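File shown: final-v2.cif (mmCIF, C-alpha atoms).
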```cif
data_my_file
#
loop_
_atom_site.label_atom_id
_atom_site.label_comp_id
_atom_site.auth_asym_id
_atom_site.auth_seq_id
_atom_site.Cartn_x
_atom_site.Cartn_y
_atom_site.Cartn_z
CA ILE A 1 -2.94 50.20 113.72
CA ARG A 2 -5.20 49.89 116.75
CA THR A 3 -8.93 50.32 117.29
CA ALA A 4 -9.92 53.22 119.55
CA ASP A 5 -12.81 53.26 122.05
CA ASN A 6 -15.04 54.92 119.45
CA GLY A 7 -14.48 52.07 117.01
CA HIS A 8 -12.25 54.06 114.67
CA GLN A 9 -8.81 52.76 113.72
CA GLN A 10 -5.81 54.82 114.78
CA LEU A 11 -2.12 54.65 113.93
CA THR A 12 0.11 53.62 116.82
CA LYS A 13 3.22 55.68 117.64
CA GLN A 14 5.28 53.21 115.63
CA GLY A 15 2.81 53.40 112.76
CA ARG A 16 3.09 57.18 112.68
CA GLN A 17 6.88 56.96 112.66
CA LEU A 18 6.80 54.38 109.85
CA ALA A 19 4.58 56.65 107.80
CA GLN A 20 7.03 59.56 108.15
CA LEU A 21 10.14 57.69 107.03
CA PRO A 22 10.65 58.26 103.24
CA ILE A 23 11.32 54.60 102.39
CA ASP A 24 9.41 51.33 101.95
CA PRO A 25 7.61 50.28 105.18
CA ARG A 26 9.69 47.10 105.46
CA LEU A 27 12.88 49.14 105.32
CA ALA A 28 11.42 51.75 107.68
CA ARG A 29 10.71 48.99 110.20
CA MET A 30 14.42 48.14 110.15
CA VAL A 31 15.34 51.73 111.02
CA LEU A 32 12.91 51.85 113.96
CA ALA A 33 14.24 48.52 115.24
CA ALA A 34 17.78 49.89 114.92
CA GLN A 35 17.21 52.52 117.59
CA LYS A 36 16.74 49.75 120.19
CA ASN A 37 19.87 48.00 118.96
CA ALA A 38 22.05 51.14 118.81
CA CYS A 39 22.80 50.64 115.11
CA VAL A 40 20.79 53.41 113.41
CA ARG A 41 23.84 54.65 111.47
CA GLU A 42 24.54 51.30 109.79
CA VAL A 43 20.89 50.50 109.14
CA MET A 44 20.22 53.91 107.56
CA ILE A 45 23.06 53.30 105.10
CA ILE A 46 21.80 49.81 104.29
CA ALA A 47 18.10 50.74 104.10
CA SER A 48 18.78 53.61 101.70
CA ALA A 49 20.97 51.30 99.56
CA LEU A 50 18.16 48.72 99.40
CA SER A 51 15.81 51.47 98.20
CA ILE A 52 17.64 51.76 94.88
CA GLN A 53 19.06 49.49 92.22
CA ASP A 54 22.43 48.13 93.37
CA PRO A 55 25.07 50.80 92.60
CA ARG A 56 27.70 48.11 92.02
CA GLU A 57 27.84 47.18 88.34
CA ARG A 58 28.75 43.74 86.92
CA PRO A 59 29.00 44.01 83.09
CA LEU A 60 28.62 40.60 81.46
CA ASP A 61 32.00 40.83 79.77
CA LYS A 62 33.80 42.14 82.91
CA GLN A 63 32.19 40.32 85.81
CA GLN A 64 35.47 38.99 87.22
CA ALA A 65 37.12 42.42 87.10
CA ALA A 66 34.09 44.03 88.74
CA ASP A 67 34.00 41.39 91.50
CA GLU A 68 37.69 42.02 92.19
CA LYS A 69 37.06 45.75 92.64
CA HIS A 70 34.02 45.20 94.85
CA ARG A 71 35.77 42.57 96.99
CA ARG A 72 37.61 45.36 98.85
CA PHE A 73 34.36 46.24 100.59
CA ALA A 74 33.27 42.65 101.24
CA ASP A 75 32.32 41.10 104.56
CA LYS A 76 32.55 37.30 104.70
CA ASN A 77 29.35 37.00 106.74
CA SER A 78 27.20 39.73 105.24
CA ASP A 79 26.60 41.37 101.88
CA PHE A 80 24.59 44.03 103.73
CA LEU A 81 27.71 45.25 105.55
CA SER A 82 29.44 45.63 102.19
CA PHE A 83 27.21 48.68 101.67
CA VAL A 84 28.48 50.20 104.92
CA HIS A 85 32.13 49.61 103.94
CA LEU A 86 31.50 51.04 100.47
CA TRP A 87 29.69 54.08 101.91
CA ASP A 88 32.54 54.89 104.31
CA HIS A 89 35.08 54.53 101.50
CA LEU A 90 33.16 56.85 99.18
CA LEU A 91 32.74 59.50 101.89
CA GLU A 92 36.51 59.55 102.40
CA GLN A 93 37.15 59.80 98.65
CA GLN A 94 34.69 62.67 98.18
CA LYS A 95 36.54 64.73 100.77
CA THR A 96 39.62 64.95 98.55
CA LEU A 97 38.42 64.35 94.96
CA SER A 98 36.83 66.83 92.58
CA SER A 99 33.53 65.94 90.98
CA GLY A 100 35.29 64.83 87.79
CA GLN A 101 37.82 62.74 89.66
CA PHE A 102 35.06 61.08 91.64
CA ARG A 103 33.24 60.15 88.41
CA GLN A 104 36.45 58.59 87.11
CA LEU A 105 36.81 56.59 90.34
CA CYS A 106 33.25 55.30 89.90
CA ARG A 107 33.95 54.14 86.33
CA ARG A 108 37.21 52.49 87.39
CA ASP A 109 35.60 50.67 90.32
CA PHE A 110 32.46 49.60 88.40
CA LEU A 111 30.12 51.85 90.37
CA SER A 112 27.15 53.74 88.94
CA TYR A 113 27.64 57.45 89.63
CA LEU A 114 23.92 58.21 89.17
CA ARG A 115 22.84 55.45 91.55
CA LEU A 116 25.38 56.60 94.12
CA ARG A 117 23.88 60.10 93.95
CA GLU A 118 20.41 58.58 94.37
CA TRP A 119 21.68 56.56 97.34
CA GLN A 120 23.08 59.69 98.96
CA ASP A 121 19.86 61.66 98.32
CA ILE A 122 17.69 59.01 99.97
CA HIS A 123 20.13 58.75 102.88
CA ARG A 124 20.01 62.54 103.32
CA GLN A 125 16.20 62.54 103.43
CA LEU A 126 16.23 59.61 105.83
CA SER A 127 18.75 61.32 108.10
CA GLN A 128 16.59 64.44 108.26
CA THR A 129 13.50 62.43 109.23
CA VAL A 130 15.44 60.40 111.80
CA LYS A 131 16.58 63.67 113.36
CA LEU A 132 12.98 64.97 113.48
CA LEU A 133 11.87 61.72 115.13
CA ARG A 134 14.74 62.09 117.61
CA LEU A 135 16.11 58.63 116.95
CA PRO A 136 19.63 58.37 118.42
CA VAL A 137 22.34 57.79 115.80
CA ASN A 138 25.20 55.70 117.16
CA THR A 139 28.81 56.85 116.87
CA VAL A 140 30.27 53.50 118.00
CA THR A 141 30.36 50.77 115.34
CA ALA A 142 27.58 48.23 115.90
CA ASP A 143 28.28 44.48 115.86
CA HIS A 144 26.99 41.89 113.39
CA ARG A 145 24.15 40.61 115.56
CA THR A 146 22.61 43.97 116.45
CA VAL A 147 22.69 45.22 112.85
CA HIS A 148 21.23 42.05 111.38
CA SER A 149 18.60 41.64 114.08
CA ALA A 150 17.33 45.09 113.09
CA LEU A 151 17.42 44.20 109.38
CA LEU A 152 15.66 40.93 110.10
CA THR A 153 12.52 42.73 111.34
CA GLY A 154 11.81 43.71 107.73
CA LEU A 155 13.00 40.46 106.14
CA LEU A 156 11.28 37.74 108.16
CA SER A 157 9.78 36.21 105.01
CA HIS A 158 13.23 36.18 103.37
CA ILE A 159 15.01 33.71 105.64
CA GLY A 160 16.38 30.34 104.58
CA GLN A 161 17.70 27.11 106.09
CA LYS A 162 20.44 25.27 104.20
CA ASP A 163 19.70 21.76 102.98
CA SER A 164 22.20 19.38 104.54
CA GLU A 165 23.21 17.67 101.29
CA LYS A 166 22.95 20.59 98.85
CA THR A 167 23.85 24.26 98.51
CA GLU A 168 20.17 25.15 98.21
CA PHE A 169 18.08 26.76 100.93
CA THR A 170 14.51 26.11 102.01
CA GLY A 171 12.71 29.40 102.55
CA ALA A 172 9.30 30.54 103.71
CA HIS A 173 6.40 28.31 102.66
CA SER A 174 8.83 25.66 101.29
CA ALA A 175 10.31 27.95 98.60
CA ARG A 176 13.71 26.74 97.41
CA PHE A 177 16.45 29.16 96.43
CA ALA A 178 20.21 29.49 96.07
CA ILE A 179 22.58 32.29 97.04
CA PHE A 180 23.40 34.58 94.11
CA PRO A 181 26.94 33.85 92.76
CA ALA A 182 28.19 37.41 93.38
CA SER A 183 27.54 37.03 97.13
CA GLN A 184 30.43 36.61 99.57
CA LEU A 185 28.46 33.70 101.09
CA PHE A 186 28.15 31.79 97.80
CA LYS A 187 31.18 29.50 98.23
CA LYS A 188 30.67 28.75 101.93
CA PRO A 189 26.95 29.08 102.67
CA PRO A 190 26.03 29.10 106.37
CA LYS A 191 23.23 27.03 107.92
CA TRP A 192 20.81 29.99 108.13
CA ILE A 193 20.64 33.17 106.05
CA MET A 194 18.42 36.12 105.27
CA VAL A 195 18.36 37.78 101.85
CA ALA A 196 17.21 41.20 100.71
CA GLN A 197 15.61 39.95 97.49
CA LEU A 198 14.33 36.75 95.92
CA LEU A 199 14.86 37.03 92.17
CA GLU A 200 13.60 34.41 89.72
CA THR A 201 15.50 33.91 86.45
CA SER A 202 16.66 30.43 85.44
CA ARG A 203 16.07 29.55 89.11
CA LEU A 204 15.16 31.38 92.32
CA TRP A 205 18.13 33.39 93.60
CA GLY A 206 18.60 35.06 96.97
CA ARG A 207 20.43 38.37 96.47
CA ILE A 208 22.31 40.30 99.18
CA ALA A 209 22.66 37.64 101.85
CA ALA A 210 23.85 37.48 105.45
CA ARG A 211 24.45 34.80 108.03
CA ILE A 212 21.91 34.75 110.85
CA GLU A 213 21.21 32.53 113.85
CA PRO A 214 17.71 31.00 114.13
CA GLU A 215 17.43 32.02 117.80
CA TRP A 216 17.40 35.69 116.73
CA ILE A 217 14.09 35.20 114.94
CA GLU A 218 11.56 34.21 117.61
CA PRO A 219 11.73 37.45 119.70
CA LEU A 220 11.24 39.50 116.51
CA ALA A 221 8.18 37.60 115.27
CA PRO A 222 5.88 36.74 118.22
CA HIS A 223 2.86 37.47 116.00
CA LEU A 224 4.05 35.15 113.21
CA VAL A 225 5.66 32.10 114.82
CA LYS A 226 3.71 28.91 115.50
CA TYR A 227 4.23 26.54 118.41
CA HIS A 228 3.93 22.76 118.19
CA TYR A 229 3.98 20.40 121.20
CA SER A 230 4.72 16.71 121.62
CA ASP A 231 5.36 14.08 124.30
CA PRO A 232 3.76 15.68 127.40
CA HIS A 233 4.97 13.64 130.39
CA TRP A 234 5.30 13.87 134.15
CA GLU A 235 8.81 14.58 135.50
CA LYS A 236 9.38 13.78 139.16
CA SER A 237 12.47 16.00 139.42
CA GLN A 238 10.57 19.01 138.03
CA GLY A 239 7.34 18.29 139.87
CA ALA A 240 5.55 19.21 136.68
CA VAL A 241 4.40 18.01 133.28
CA MET A 242 7.05 18.76 130.68
CA ALA A 243 6.82 18.56 126.88
CA ASN A 244 8.86 19.15 123.75
CA GLU A 245 8.19 22.44 121.96
CA LYS A 246 8.95 23.15 118.31
CA VAL A 247 8.76 26.71 116.95
CA THR A 248 8.25 27.41 113.24
CA LEU A 249 8.09 30.54 111.09
CA PHE A 250 6.43 30.11 107.69
CA GLY A 251 7.10 26.37 108.02
CA LEU A 252 10.80 26.69 108.95
CA PRO A 253 11.89 25.15 112.28
CA ILE A 254 13.59 28.07 114.04
CA VAL A 255 13.56 26.04 117.28
CA ALA A 256 13.79 22.32 116.50
CA SER A 257 13.07 21.08 120.02
CA ARG A 258 13.20 22.44 123.55
CA LYS A 259 11.79 21.22 126.84
CA ILE A 260 9.08 23.42 128.34
CA ASN A 261 6.65 23.36 131.27
CA TYR A 262 3.35 22.25 129.77
CA GLY A 263 1.14 23.61 132.57
CA ALA A 264 -0.04 26.73 130.79
CA ILE A 265 -0.56 24.91 127.47
CA ASP A 266 -2.96 22.16 128.55
CA PRO A 267 -3.99 22.60 132.22
CA PRO A 268 -6.61 19.76 132.30
CA LEU A 269 -4.10 17.19 131.02
CA CYS A 270 -1.40 18.45 133.40
CA ARG A 271 -3.78 18.24 136.35
CA GLU A 272 -4.62 14.65 135.43
CA LEU A 273 -0.96 13.64 135.06
CA PHE A 274 0.00 15.36 138.33
CA ILE A 275 -2.70 13.48 140.24
CA ARG A 276 -2.05 10.15 138.54
CA HIS A 277 1.76 10.14 138.63
CA GLY A 278 2.59 12.58 141.42
CA LEU A 279 -0.09 11.73 144.00
CA VAL A 280 -1.40 8.26 143.14
CA GLU A 281 1.90 6.66 142.06
CA GLY A 282 4.00 8.67 144.51
CA GLN A 283 6.39 10.12 141.92
CA TRP A 284 6.87 13.38 143.77
CA GLN A 285 9.74 14.87 145.77
CA THR A 286 7.99 16.70 148.61
CA ARG A 287 8.09 17.20 152.38
CA HIS A 288 4.31 17.18 152.89
CA VAL A 289 3.60 14.97 155.93
CA PHE A 290 0.27 13.65 154.57
CA PHE A 291 1.96 12.47 151.37
CA HIS A 292 4.63 10.40 153.10
CA ALA A 293 2.06 9.09 155.62
CA ASN A 294 -0.13 7.94 152.72
CA LEU A 295 2.82 6.20 151.02
CA GLN A 296 3.70 4.43 154.25
CA LEU A 297 0.10 3.34 154.78
CA LEU A 298 -0.13 2.01 151.22
CA ALA A 299 3.11 0.07 151.73
CA GLU A 300 1.77 -1.44 154.96
CA VAL A 301 -1.52 -2.46 153.33
CA GLU A 302 0.36 -3.96 150.37
CA ALA A 303 2.49 -5.99 152.81
CA MET A 304 -0.68 -7.10 154.61
CA GLU A 305 -2.21 -8.24 151.31
CA HIS A 306 0.91 -10.19 150.45
CA LYS A 307 1.01 -11.84 153.89
CA SER A 308 -2.69 -12.78 153.88
CA ARG A 309 -2.65 -13.60 150.16
CA ARG A 310 -5.62 -11.25 149.58
CA ARG A 311 -6.00 -8.60 146.86
CA ASP A 312 -9.09 -6.73 148.11
CA ILE A 313 -7.64 -4.64 150.93
CA LEU A 314 -5.58 -2.10 148.98
CA VAL A 315 -7.55 0.69 147.28
CA ASP A 316 -7.02 0.60 143.51
CA ASP A 317 -5.38 3.47 141.60
CA GLU A 318 -8.60 4.71 140.00
CA THR A 319 -10.30 5.07 143.39
CA LEU A 320 -7.29 7.03 144.68
CA PHE A 321 -7.32 9.18 141.55
CA THR A 322 -11.00 10.03 142.05
CA PHE A 323 -10.36 10.79 145.73
CA TYR A 324 -7.66 13.35 144.93
CA GLU A 325 -9.40 14.68 141.84
CA GLN A 326 -12.51 15.60 143.84
CA ARG A 327 -10.60 17.36 146.60
CA ILE A 328 -7.69 19.37 145.23
CA GLY A 329 -8.15 22.76 143.57
CA ALA A 330 -9.14 22.91 139.91
CA ASP A 331 -6.09 25.04 139.03
CA VAL A 332 -3.56 22.64 140.56
CA VAL A 333 -1.48 21.37 137.62
CA SER A 334 1.95 20.83 139.24
CA ALA A 335 3.74 20.43 142.55
CA ARG A 336 4.25 24.19 142.81
CA HIS A 337 0.56 24.86 142.26
CA PHE A 338 -0.33 22.21 144.85
CA ASP A 339 1.94 23.85 147.45
CA SER A 340 0.18 27.21 146.95
CA TRP A 341 -3.27 25.64 147.07
CA TRP A 342 -2.44 23.49 150.11
CA LYS A 343 -1.16 26.50 152.07
CA LYS A 344 -4.44 28.36 151.51
CA ALA A 345 -6.60 25.27 152.08
CA ARG A 346 -5.01 24.60 155.48
CA GLN A 347 -5.59 28.21 156.56
CA ILE A 348 -9.29 27.90 155.67
CA GLU A 349 -9.60 24.68 157.67
#
```

Let me see the structure of the file written as structure tokens.
Amino acid sequence: IRTADNGHQQLTKQGRQLAQLPIDPRLARMVLAAQKNACVREVMIIASALSIQDPRERPLDKQQAADEKHRRFADKNSDFLSFVHLWDHLLEQQKTLSSGQFRQLCRRDFLSYLRLREWQDIHRQLSQTVKLLRLPVNTVTADHRTVHSALLTGLLSHIGQKDSEKTEFTGAHSARFAIFPASQLFKKPPKWIMVAQLLETSRLWGRIAARIEPEWIEPLAPHLVKYHYSDPHWEKSQGAVMANEKVTLFGLPIVASRKINYGAIDPPLCRELFIRHGLVEGQWQTRHVFFHANLQLLAEVEAMEHKSRRRDILVDDETLFTFYEQRIGADVVSARHFDSWWKKARQIE
């Protein structure tokens, strides 16, 4: 939604497309993201499956037998892709089986015939709308990352980081959950996952899980992530103030630490550190003639002080700092900025 010039709120193009798709907005967001990732086919199958109760049945007295049947469609890194494998299998079977034979197959493989019909109905409606919206449906099989990046756009609050010592995961806002036992990821949980549902029974379970990488998250959630900075310091080799950046989503560290240029984050501090360390202390790799002349002059004066045993000839650091601070441009926060400012300043002179 955006606000128009007349003050009224209007739906964006994406908002209008979301409203037309006949599924939950979170699932619809996945489908729209899929067009950019060339994985609309897979995401339509998965989104329509997530719109219904799971068609795979696990009777209490036959859980092991059911799991054995369903394992044929399993993917070791993703329960979501199990839906795609199951869908493709069922399409092939329906080409050759009568309606009665297909019902028998469903009973034998612990699949709900009614839920499968519901799944197909929703997929049919979704396919029709996707065609009207002119979203391209891929014919080449999409890879794990593209499919799950699209799914992740609707499941950003359902991510989890594995605890190092336990099989539990820490989720959004410090929620703690475990992977549901029927998942293919239950025995060997990865470091990061996303889940389709968080279901609370005797404990909080994450159902329908997939392995993800934390670096996939930040580009998908620029409006939700938070940035934290520490240890701003001058680096001679960079000619700039650098700092450590930590990126979190709902309290989870999706980027634990990375070095960034701090100039755009805190310009006044960077300007001060550039002047103090780069100009006053001479920690700067540059070819500017004035800079090297100043360093040479300071060295000569320091030698003169030492020879005459006086300490009142050399200008102190604070006086030098004030000298530079009053003369260089207000937007100079690094060596690169100084070079641009100096070039213009010399032309004016």

Correct to one decimal, the distance atom CA of A:Leu151-atom CA of A:Met30 is 5.0 Å

Here atom CA of A:Pro136 and atom CA of A:Leu156 stand apart by 24.5 Å

As an exercise, work out the distance from atom CA of A:Leu252 to atom CA of A:Leu50 in Å and give it to one decimal place. 25.1 Å

Starting from the shown file, work through the PyMOL selection byres ((chain A and resi 150) around 8) and note down what comes out as an MDAnalysis selection string. chainID A and resid 30:31 33:34 37 43 146:149 151:154

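Comparing the minimum interatomic distances between A:Arg211 and each of A:Glu325, A:Glu235, A:Asp75, A:Asp67, counting only C-alpha atoms, we find that A:Asp75 sits nearest.
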
Report as JSON, numbers by chain the full result of the PyMOL selection byres ((chain A and resi 167-176) around 7) when it is applied to this structure. {"A": [157, 158, 159, 160, 161, 162, 163, 166, 177, 178, 250, 251, 252]}

List the residues matched by the PyMOL selection byres ((chain A and resi 52) around 12) in the displayed structure as a list in words, ordered by chain and then by residue number.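 Selection result, ordered by chain and number: Ile23, Asp24, Leu27, Ile45, Ile46, Ala47, Ser48, Ala49, Leu50, Ser51, Gln53, Asp54, Pro55, Arg56, Ser112, Leu114, Arg115, Leu116, Arg117, Glu118, Trp119, Gln120, Asp121, Ile122 and His123 of chain A.
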
Nearest to A:Lys236 by atom-to-atom distance, counting only C-alpha atoms, from A:Ala335, A:Ile265, A:Leu224, A:Val137: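 Closest candidate: A:Ala335.
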
Write out as a list in words each polymer residue whose atoms come within 8 Å of A:Asp231, counting only C-alpha atoms; drop sequence neighbours fewer than 2 positions from it. Tyr229, His233, Ala243 and Asn244 of chain A
